[in-house]
Structure formats: structure tokens, C-alpha cells
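Participant: Structure incoming, see below.
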Amino acid sequence: MISQLSWKIGGQQGEGVESTDRIFSTALNRLGYYLYGYRHFSSRIKGGHTNNKIRISTQPIRAISDDLDILVAFDQESIDLNAHELRSGGVIVADAKFNPVVPEGVDARLFAVPITAIAEELGTSLMKNMVASGASWALLGLPLEVFNKAVGEEFGRKGQAVVEKNIEAVKRGAEFVLEQAGGPIDEFKLEEADGKQKLFIIGNEAIGLGTIAAGCRLMSAYPITPASEIMEYLIKKLPKFGGTVVQTEDEIAAVTMAIGANYAGVRTMTASAGPGLSLMMEAIGLAGMTEQPLVIVDTQRGGPSTGLPTKQEQSDLNAMVYGTHGEIPKVVLAPASIEDCFYDMIEAFNVSEQYQVPVIVMTDLQLSLGKQSCEVFDYDKIQINRGKLVSDVPALEDNALFKRYELTEDGISPRVLPGEKGGIHHVTGVEHDEVGRPSESSINRKKMMDKRLNKLNGLQIRDAIRVDAPHDNPELLIIGMGSTGGTIDEARRRLDADGITSNHVTIRQIAPFPAEELSVYLNGAKRVVVLENNATAQLASQIKMHAGYADKIHNVLKYDGNPFLPSEVYTACKELN
Amino acid sequence: MATFKDFRNNVKPNWCPGCGDFSIQAAIQRAAASVGLEPENLAVISGIGCSGRISGYINAYGLHGIHGRALPIAQGVKLANRELTVIASGGDGDGFAIGMGHTVHAIRRNLDITYIVMDNQIYGLTKGQTSPRSAEGFKTKSTPEGSIETTLSPLEIALSAGATFVAQSFSSDLKQLTSLIEQAMAHKGFSLINVFSPCVTFNKVNTYDWFKENIVNLNEFPDYDPSNRIAAMTKIMETGGMLTGLIYQNKERKSYEDMIVGFKEEALAHQSLDISRESFDKLVAEFK
């Protein structure tokens, strides 16, 4: 019996790879297994090799695996490109149609299943995915009823006849492969899962759900990979809550529309990736200067320019931290798990209104698009805090203006929404006085700059850093952000086995940088490894600048478009010791 | 009930004496009062440029944003609170150069806002460069040999983009301008009013006198039918765009906010942010 297994399906884009993966993993989720998915895809719609990999485990996992147990291939290219990942004794389930060949040097068992032939015999080659997934499922020896139930849900809308045909395809695939293999493969027999109900969801969907829970009712956005799923989710759901999504003409309109709507009192967000974020920079300064709440999600992908639009990277950090001209207060939050994606959206909207600042929520492609298991989100943890939003303001005498930018002890001024009789004030990106009127007075300028820039002094977010520090003085402190946490933890288990002690800190609040909280862990460690998916060590630079310890810090960087593998992190850390 | 004085504040505009923008400010204040608005129910969203300052000179909610982006900000305000009357305003550079993309799409989108462009055919605040509205051959600091680009026709563009309300006026004609702003506010959808607003400092060609000599008032054509889009386009072309009055109005098309399925009459800003446990559970169940 094994506790985990890796499965991959490969084919041409648009060939059913996605749907095979979806049904296969939904069924596994029902059985209570923990899943972690990785999508390899290109910036095109049809054609081109694509593959989806899932790791299946009885324990929580948050990383892709180094190797592979089962490869399902719709074409020879999928075998040629992926067979090297197979561990010795792994299995290839391939369509017999293309006379599959196991590449030289690969020690794998090949089952050539007439995937296309069976599907066509049943009426349509579209059912290839069902034959293939049925065959994979059978090799694992898992109960077919659970799988068929997932098939029923996938096709239920199309009627019972379609469901039955697909179930038949599953059955035929299963029977064929079992006959060839002589029954389910013993070494693929998974231990029973805990059966606990989990969610199986991508980060972008968790962000969408968190956005609704946070009371956001408007989104203005422009489509871009890998952010579009957030918009697509909200297009489906926001109308049920009275809201809507506007697909704008560009990202400048998206962000400025969001600023206008926030100003008028609706929690509004936009989401984009690097190119869109670049277009938003001037407007982010307007939100900072005029103290309007604003929430932006940046799902990072490979940059610069169009870069690698469908690949993993964490290289927008500097743009998020420093972007816009002049100096404004800004918060950058980095969810490090699917659960974070949900809860951090609520935090982002609260912080944005409490401190009247732009908040950027930073994800990366793997966190945004990698489908994975997570704990069911807790309704009771949803709390909405709108800060110093005031209403029913009595009318002021002689058309006097409301002090929207009143100088207060904490720098945060009362905020009033258009429509309030006594709340009339001016808002301008020009330096202004307490009622919002333009002012070039140097005394006022200094007061207002200090007011804005000190507003965040009291900021406290949930888990600004997330710490797993079993040792007071470890050999290594490994620091990461975003989607890399699970990979780091797997590498640490291997380091542990080698007797190398390590702590792990995930930075979740990128700006303002939580230097003080981090310092104690930097101080205690012999060496510090900062792991990031970029070429210029942007996170490490923040640490060095704000907390110091430059002489201890080693960079582990990957910027080839792929997420880190546990083995790579292990090897890099091992080499330092 | 508010009078036009209630829409005044005590801020002295920093426009040059004689600037056309003064009359536009007055016309907005008069129109707001005459349609029965209260200052707190009006939001004036402006861009950057001399004209962009207008939001600070009217006693109402005002937001002076960034160059070229008055329209998306104004649309955000309207979506958030459709009970407000929203005016977007800025210059010809703001709306037809840097912000042209937003102008065309705001027209297509047709949210119920009024867009007033103060068109002086030049960049004033940056001290005299060419604008998309400058005539060919027009000499400015940036076109010392005369502009070699075609003059943009915002009225033609608006019509072809599907505008539901297109008007043009002249800042000297306060009566017509006020009336057009009133009609625009009453129009259920996006209204464009392009207003010739002479720059007395940097534009020595398109002066008050020049406009008086060159513009045609649509009042002079009693048979003109502003519901006829083809006639409107023809009239704009015949007059080289030098006409004033209500050029086109489509009263049939619904506004964007009226076409969003399920979008309530009540301002979104006044609705609850909470989600019920039942709705939440339903959302979550989709991922089980």
C-alpha cells in the first residue's frame, strides 16, 4: 500500500486533457484524497502539447512531485516529452491508435489501449477522455461507482443517455486495461483516504469566492492570463448578489473604474497580471494620493513584456512594492495557500477600507491555476470592517466642506460617500488640504505626506509571516512566498532525514515589510536560503534592505518558467551545507 | 430646493480672465438647479488640464482624477451609486487624445452620465501645444510649421460609436448650453456635449469672434430631426462639425445599468455587503 501517487495526462491542447483530468480528480476528491494539480499549457487554444499532472495523497500536499507513476498519453509526443519523469516500474497508458513506443532508457510498462477506437465505436471520439480515465482508474483498483457518480455530474445536464454512454466508455477502458494488466496494479494500491470533505479548487476561484464573501459587488477588469478565471467566476456569481462585472477597454479603465466605484462606496476590485499591472501604475498613485480604497489582484506570470504568459514566475514583486511615481502608502499581500487566497481577499478589502489605501494581492501562476485540495472555508471567519466610514453627517453651515482629509492622530481621516448631505468635499490627485482643495503650501505638503505615509504604522494582518520553526538555531532558514511553501516543506523533510535542521518562514506581507517579526528567525539561523521564481532575487533584496543579514543570505532562483521541484530545493540547500 | 447659488463654492477658478470655461461652469450650476438637484446628489468627475479643475469649482461631490481617465472613474461612480447624477468633464486633449479609448467605449457602454468636453482646440495648461482638435496647419509650440495631422471629428466618432445623445454648444451661448446640459441630464444614457470654449491665451485663431462667424445653430433648421442618425451625420459633415444644438438623440435604447440583468434600482452602495450562510454554503458546495 502506498500513501501517494502521481498521475499525468498529455495530449494536444483541446483534445480533452482538461476534462479527463477534471473527472478523474473530482472522483478522487470524493474519496477524500488530497490532490495537487499542475497545468502545463501554451498560449494557444487548439493544438500544441499540453499536460496536466496531479499528485494524489492520503496526507495534505502542496507541491508537485519530482517523478511520475502513471502517464496517460493521447499521442507519442506526450510520451516523448514526459516519459523521463516516470519512476522505474511506472506505467504508460497510451492510445493504441498511434502505435505507442516506450523511449529508449525508460523503464516503464506500456498498456496500449484502443482509446480512440472504443470511443468511436460508442459513437464519438470525444469520449476518448472517458476511456482513458476509466483505464487509469481501474489500474488504481478504486471503486468504479464513485467514478461513475462523477461522470453523472459532469454530463447530467446532457441527459441520461449521454451519461450512460460515457459510463460505458469508462467501463470499456477499465475492462481492456485490466485484462492486459491482469488486474489492478498492486504497487499502485493507495491507502484509504480520510474521507473528510475537502474543496478541490484553483486559487483564482478561491479569490473569487473570497471577493464575494468580502462584500465586493463590482469588478472592472480586462482579460489576461492567468487572471481571467477570477473575472469569469465573478461574472457568473456577482449578479446573484446584486453586483456585476464590467469588461473594460483596457486595464487603465479597469483600475480607474474601480477607484470611482470605491469612492462612491462599493467594494470594487480588479485583477490582472504583469502587463496589466504596469498599465495601472498611475492610477494606483491616484488611489494612494486621494486615499481611496482599492483592491488589485496580480496573478504573476513570466515577464518582462509578454514574457512567458502561461508560465510560473514571481517577478512582479518590485513592481508591486515600488510601482507608481512619487510616494504612497501601499499594502502588498501574498497568499501562500488556497485557504489564504480566500481569507486574504477579505483581509485585503478590510485593510483597504480601514487604512484607505490601495492593496495589491499577489499570487503566482501556480497558486492561481494549480487545482488543489484545501480545507472547507469557514463562514464564521468572515468579518467585514469598513474603518472610518461615516454616515448621516449633519449639513455644515455656509456650504462649508467636510474634512475628508482631516489630520488625525493615526493619520486616517473619516470617509464619507457621495450622497451625504453634510459630506461634500473635494477629491484631487493634486496635493490638497483637509477639505481636499489643492494646496501648494509647503507646511501643508509636509503634513499631508506624513499623514499618508504614516497611516500604515498600525497595520496588523493575519500571519504577516507564517512560521514553522522547530529549531532555535537551525542550519538553515528557508524563506519563500506564494506557491513555493509546500515544495520547501518537502525538501525540508529530506534535509531532516540527512540530519540538516531547518526552519521555514513564508513572507505573506510583502509591503510594508515585516522586518521586525522576521529578524528573530534570521538571527537564529546559521544560513538563510531565500527561494523565489525570479532572476534578480527580489524578495531577498527586501529582506536585506529591511532586516539586514546580507552575509547569511543565499539565493535559490528559478526563472525558466517552471515551479520548483522538491528535489531541486533539496539539492540546492544540500549544496550549501 | 437648491438654487444655482447652492452649487457655487468660494473657490476662485485659476482660469485666465475671459476663458470659455467660466460659462460652462455657470451653465452646469444653472442646469443642476433647474432640474431640481441637490448638491450632494451631483458628482462631477474631471480629468486633467485647465478644464479639469472644474470639479473643484462646483459645490457638489467632485473628483479631479488623472489625465484622460475622467470617464472610467465617472462610470465607476455611476455603477456604484446610480441615484447620483454624474457629470464627467475635461478638455479636448483629455477626452480626444489620451482618453479617446475611454470616450469611444463609454459611448458604446451607454451608462447614464453626462460628458461635457471643454474644447479649445489646444493644450492650455502645458502652455500651447497642438490638440487632436487643432485645425490642419495650426501653428503651436509643438507644431511650429503647422499641424500636419487630420483634425478629429468627435461628433462623427460619437455617432459611429453608437452614441445615444450628441450635442455641441458654444460657451458664449449660456442659454443654449444650459438647456443642452438639462436635456443631457434627463437623457437615460450617455450624453456627449462638446462645447467650444475659446482659450484666450494660447489660441489666437479659434477666438470668440471666429466661432461666432463660423458656427451654425441647428435652430436655424426648423425641419431638423435629431432622432435621425443619418441626417445627423450628414449635417455634421455638411457643416464641417461647426454646428451647435442637439444633434442626435436616441430615446429608445436603454442605459447600460438598465440592461444589466438583475441590477437593482437601489444604489449598489446602499446594499448589504453580507452574504447569508445559505448562499455561502451553496458557493462552496460547487467545489466539493
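Chain labels A, B, ... are given in the sequence in which chains occur in the C-alpha cells; within each chain residues are numbered consecutively from 1, and ligands are likewise numbered from 1 in the order shown.
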As number ranges by chain, could you give me every residue of chain B near chain A (at most 8 Å apart, counting only C-alpha atoms)?
Facilitator: B: 6, 9, 39-43, 55-56, 59-66, 69, 72-81, 84, 101-102, 105, 260-264, 268-269, 272-275, 277, 280, 283-284, 287-288
Participant: Using DSSP secondary structure from the backbone, list all helix (DSSP H, G or I) positions within stretch 196-347 of chain A, as a VMD selection string.
Facilitator: chain A and resid 203 to 213 228 to 241 251 to 263 274 to 290 317 to 322 338 to 347
Participant: Give me, as a compact mmCIF listing (two decimals) with C-alpha atoms, in the first residue's frame, the residues of stretch 49-258 of chain B that a backbone DSSP run labels strand (DSSP E or B).
Facilitator:
# COMPACT_ATOMS: atom_id res chain seq x y z
CA ILE B 58 -18.81 73.49 -8.15
CA TYR B 61 -19.15 65.92 -4.79
CA GLY B 62 -16.15 66.24 -7.05
CA LEU B 63 -13.23 64.11 -8.07
CA HIS B 64 -10.33 65.51 -10.06
CA THR B 85 -26.32 62.46 -11.19
CA VAL B 86 -22.87 62.07 -12.65
CA ILE B 87 -21.12 64.60 -14.88
CA ALA B 88 -17.74 63.83 -16.39
CA SER B 89 -15.78 66.73 -17.75
CA GLY B 90 -12.44 67.63 -19.25
CA GLY B 91 -10.73 69.17 -22.22
CA THR B 114 -23.26 63.40 -18.97
CA TYR B 115 -19.88 64.10 -20.54
CA ILE B 116 -19.04 67.75 -21.13
CA VAL B 117 -15.93 68.40 -23.18
CA MET B 118 -14.45 71.90 -22.99
CA ASP B 119 -12.99 72.06 -26.47
CA ILE B 122 -5.24 73.48 -27.94
CA TYR B 123 -3.34 72.36 -24.87
CA GLN B 129 0.71 72.56 -27.90
CA THR B 130 -1.41 71.02 -30.63
CA PHE B 165 -27.09 61.72 -27.19
CA VAL B 166 -24.77 64.03 -29.12
CA ALA B 167 -24.82 67.80 -28.75
CA GLN B 168 -22.49 70.70 -29.32
CA SER B 169 -22.51 74.19 -27.95
CA PHE B 170 -20.51 77.38 -27.60
CA SER B 191 -24.67 62.13 -23.32
CA LEU B 192 -21.82 63.88 -25.06
CA ILE B 193 -21.82 67.66 -25.17
CA ASN B 194 -18.82 69.12 -26.94
CA VAL B 195 -18.50 72.79 -26.05
CA PHE B 196 -16.37 75.28 -27.96
CA VAL B 216 -24.36 77.32 -37.39
CA ASN B 217 -27.12 76.92 -34.82
CA LEU B 243 -22.82 73.32 -35.66
CA THR B 244 -24.46 73.77 -32.26
CA GLY B 245 -27.58 72.33 -30.68
CA LEU B 246 -28.93 68.85 -30.06
CA ILE B 247 -27.56 66.89 -32.98
CA TYR B 248 -28.74 63.40 -32.20
CA GLN B 249 -30.78 61.64 -29.57
Participant: For the atom pair atom CA of A:Ile207 and atom CA of A:Met289, what is the interatomic distance in Å to one decimal place?
Facilitator: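 One can read the atom CA of A:Ile207 to atom CA of A:Met289 distance as 26.8 Å.
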Participant: What lies within 9 Å of B:Ala2 using only C-alpha atoms, ignoring chain neighbours under 3 positions off, as a compact mmCIF listing (two decimals) with N, CA and C atoms, in the first residue's frame?
Facilitator:
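Output contents, as saved in around-v6.txt:
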# COMPACT_ATOMS: atom_id res chain seq x y z
N LYS B 5 -27.11 79.14 -6.81
CA LYS B 5 -26.13 79.64 -5.84
C LYS B 5 -25.63 78.53 -4.92
N ASP B 6 -26.51 77.55 -4.66
CA ASP B 6 -26.10 76.44 -3.80
C ASP B 6 -25.02 75.57 -4.45
N PHE B 7 -24.88 75.69 -5.76
CA PHE B 7 -23.85 74.92 -6.45
C PHE B 7 -22.55 75.70 -6.60
N ALA B 32 -28.07 72.25 -13.07
CA ALA B 32 -28.26 71.38 -11.90
C ALA B 32 -29.42 71.89 -11.05
N ALA B 33 -29.45 73.21 -10.85
CA ALA B 33 -30.53 73.79 -10.05
C ALA B 33 -31.86 73.64 -10.77
N SER B 34 -31.85 73.90 -12.07
CA SER B 34 -33.14 73.91 -12.76
C SER B 34 -33.75 72.52 -12.91
N GLY B 36 -33.62 70.47 -10.51
CA GLY B 36 -34.04 70.13 -9.15
C GLY B 36 -33.07 69.27 -8.36
N LEU B 37 -31.80 69.30 -8.74
CA LEU B 37 -30.81 68.53 -7.99
C LEU B 37 -30.43 69.21 -6.68
N GLU B 38 -30.01 68.43 -5.70
CA GLU B 38 -29.37 68.96 -4.50
C GLU B 38 -27.87 68.72 -4.68
N PRO B 39 -27.04 69.60 -4.14
CA PRO B 39 -25.59 69.46 -4.36
C PRO B 39 -25.03 68.08 -3.99
Participant: Compile the contact shell of B:Arg229 as a VMD selection string: residues with an atom at most 10 Å away, counting only C-alpha atoms, same-chain residues fewer than 6 positions apart removed.
Facilitator: chain B and resid 159 to 160 162 to 164 235 247 to 250
Participant: Quick check, in Å to one decimal: how far apart do atom CA of A:Leu142 and atom CA of A:Ala174 lie?
Facilitator: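 Straight-line distance from atom CA of A:Leu142 to atom CA of A:Ala174 works out to 10.9 Å.
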Participant: Which residues come within 10 Å of B:Lys127, counting only C-alpha atoms, excluding same-chain residues fewer than 6 positions away, as a list in words?
Facilitator: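 Near neighbours after the sequence-gap exclusion: Thr140, Lys141, Thr201 and Phe202 of chain B.
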Participant: Grab the atom CA of A:Leu389 to atom CA of A:Ile284 distance for me, in Å with one decimal place.
Facilitator: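 Taking atom CA of A:Leu389 as the start and atom CA of A:Ile284 as the end point, the length is 20.9 Å.
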Participant: In terms of the shortest atom-to-atom distance over only C-alpha atoms, which of B:Lys139, B:Gln176, B:Glu265, B:Val200 is closest to B:Trp15?
Facilitator: B:Val200
Participant: Could you give me, as a VMD selection string, the residues within 9 Å of A:Leu459, counting only C-alpha atoms and dropping anything in the same chain fewer than 2 positions from it?
Facilitator: chain A and resid 351 355 455 to 457 461 512
Participant: For the selection just defined, write its residues with all heavy atoms to a file, as an mmCIF file, in the first residue's frame.
Facilitator:
data_model
loop_
_atom_site.group_PDB
_atom_site.id
_atom_site.type_symbol
_atom_site.label_atom_id
_atom_site.label_comp_id
_atom_site.auth_asym_id
_atom_site.auth_seq_id
_atom_site.Cartn_x
_atom_site.Cartn_y
_atom_site.Cartn_z
ATOM 1 N N VAL A 351 -8.544 45.894 5.026
ATOM 2 C CA VAL A 351 -7.364 46.755 5.189
ATOM 3 C C VAL A 351 -7.487 47.970 4.273
ATOM 4 O O VAL A 351 -7.209 49.106 4.656
ATOM 5 C CB VAL A 351 -6.074 45.954 4.868
ATOM 6 C CG1 VAL A 351 -4.891 46.880 4.642
ATOM 7 C CG2 VAL A 351 -5.773 44.969 5.992
ATOM 8 N N TYR A 355 -7.578 51.497 6.177
ATOM 9 C CA TYR A 355 -6.434 52.397 6.023
ATOM 10 C C TYR A 355 -6.577 53.312 4.802
ATOM 11 O O TYR A 355 -5.731 54.161 4.581
ATOM 12 C CB TYR A 355 -5.138 51.578 5.951
ATOM 13 C CG TYR A 355 -4.859 50.857 7.252
ATOM 14 C CD1 TYR A 355 -5.368 49.588 7.480
ATOM 15 C CD2 TYR A 355 -4.124 51.468 8.269
ATOM 16 C CE1 TYR A 355 -5.149 48.934 8.687
ATOM 17 C CE2 TYR A 355 -3.893 50.825 9.475
ATOM 18 C CZ TYR A 355 -4.420 49.554 9.678
ATOM 19 O OH TYR A 355 -4.202 48.918 10.872
ATOM 20 N N LYS A 455 0.225 56.271 7.865
ATOM 21 C CA LYS A 455 -1.053 55.612 8.131
ATOM 22 C C LYS A 455 -0.915 54.132 8.440
ATOM 23 O O LYS A 455 -1.675 53.569 9.210
ATOM 24 C CB LYS A 455 -1.958 55.731 6.884
ATOM 25 C CG LYS A 455 -2.854 56.920 6.872
ATOM 26 C CD LYS A 455 -3.968 56.795 5.842
ATOM 27 C CE LYS A 455 -3.520 56.570 4.428
ATOM 28 N NZ LYS A 455 -4.624 56.650 3.458
ATOM 29 N N LEU A 456 0.049 53.495 7.776
ATOM 30 C CA LEU A 456 0.134 52.041 7.891
ATOM 31 C C LEU A 456 0.922 51.574 9.114
ATOM 32 O O LEU A 456 1.096 50.367 9.314
ATOM 33 C CB LEU A 456 0.757 51.449 6.617
ATOM 34 C CG LEU A 456 -0.145 51.515 5.378
ATOM 35 C CD1 LEU A 456 0.630 51.093 4.133
ATOM 36 C CD2 LEU A 456 -1.361 50.612 5.552
ATOM 37 N N ASN A 457 1.367 52.541 9.941
ATOM 38 C CA ASN A 457 2.161 52.146 11.105
ATOM 39 C C ASN A 457 1.442 51.140 11.995
ATOM 40 O O ASN A 457 2.057 50.277 12.589
ATOM 41 C CB ASN A 457 2.548 53.383 11.936
ATOM 42 C CG ASN A 457 3.611 54.193 11.215
ATOM 43 O OD1 ASN A 457 4.184 53.729 10.233
ATOM 44 N ND2 ASN A 457 3.874 55.408 11.686
ATOM 45 N N ILE A 461 -1.839 42.453 9.998
ATOM 46 C CA ILE A 461 -2.613 41.486 9.235
ATOM 47 C C ILE A 461 -2.386 40.098 9.820
ATOM 48 O O ILE A 461 -1.426 39.858 10.540
ATOM 49 C CB ILE A 461 -2.283 41.505 7.723
ATOM 50 C CG1 ILE A 461 -0.922 40.870 7.457
ATOM 51 C CG2 ILE A 461 -2.356 42.898 7.139
ATOM 52 C CD1 ILE A 461 -0.929 40.043 6.207
ATOM 53 N N PRO A 512 3.801 46.792 3.857
ATOM 54 C CA PRO A 512 5.119 47.137 4.396
ATOM 55 C C PRO A 512 5.830 45.872 4.884
ATOM 56 O O PRO A 512 5.173 44.962 5.393
ATOM 57 C CB PRO A 512 4.795 48.055 5.572
ATOM 58 C CG PRO A 512 3.350 48.412 5.464
ATOM 59 C CD PRO A 512 2.690 47.367 4.658
#
Participant: Would you kindly return, as an NGL selection string, each protein, DNA or RNA residue with an atom no farther than 8 Å from any atom of A:Asp95, considering only C-alpha atoms and excluding same-chain residues fewer than 2 positions away?
Facilitator: :A and (73-75 or 93 or 97-100 or 112-116)
Participant: Choose the residue, out of B:Ala267, B:Ala70, B:Met100, B:Ala186, that has the smallest atom-to-atom separation from B:Arg53; count only C-alpha atoms.
Facilitator: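 Among the listed residues, the smallest separation from B:Arg53 belongs to B:Ala70.
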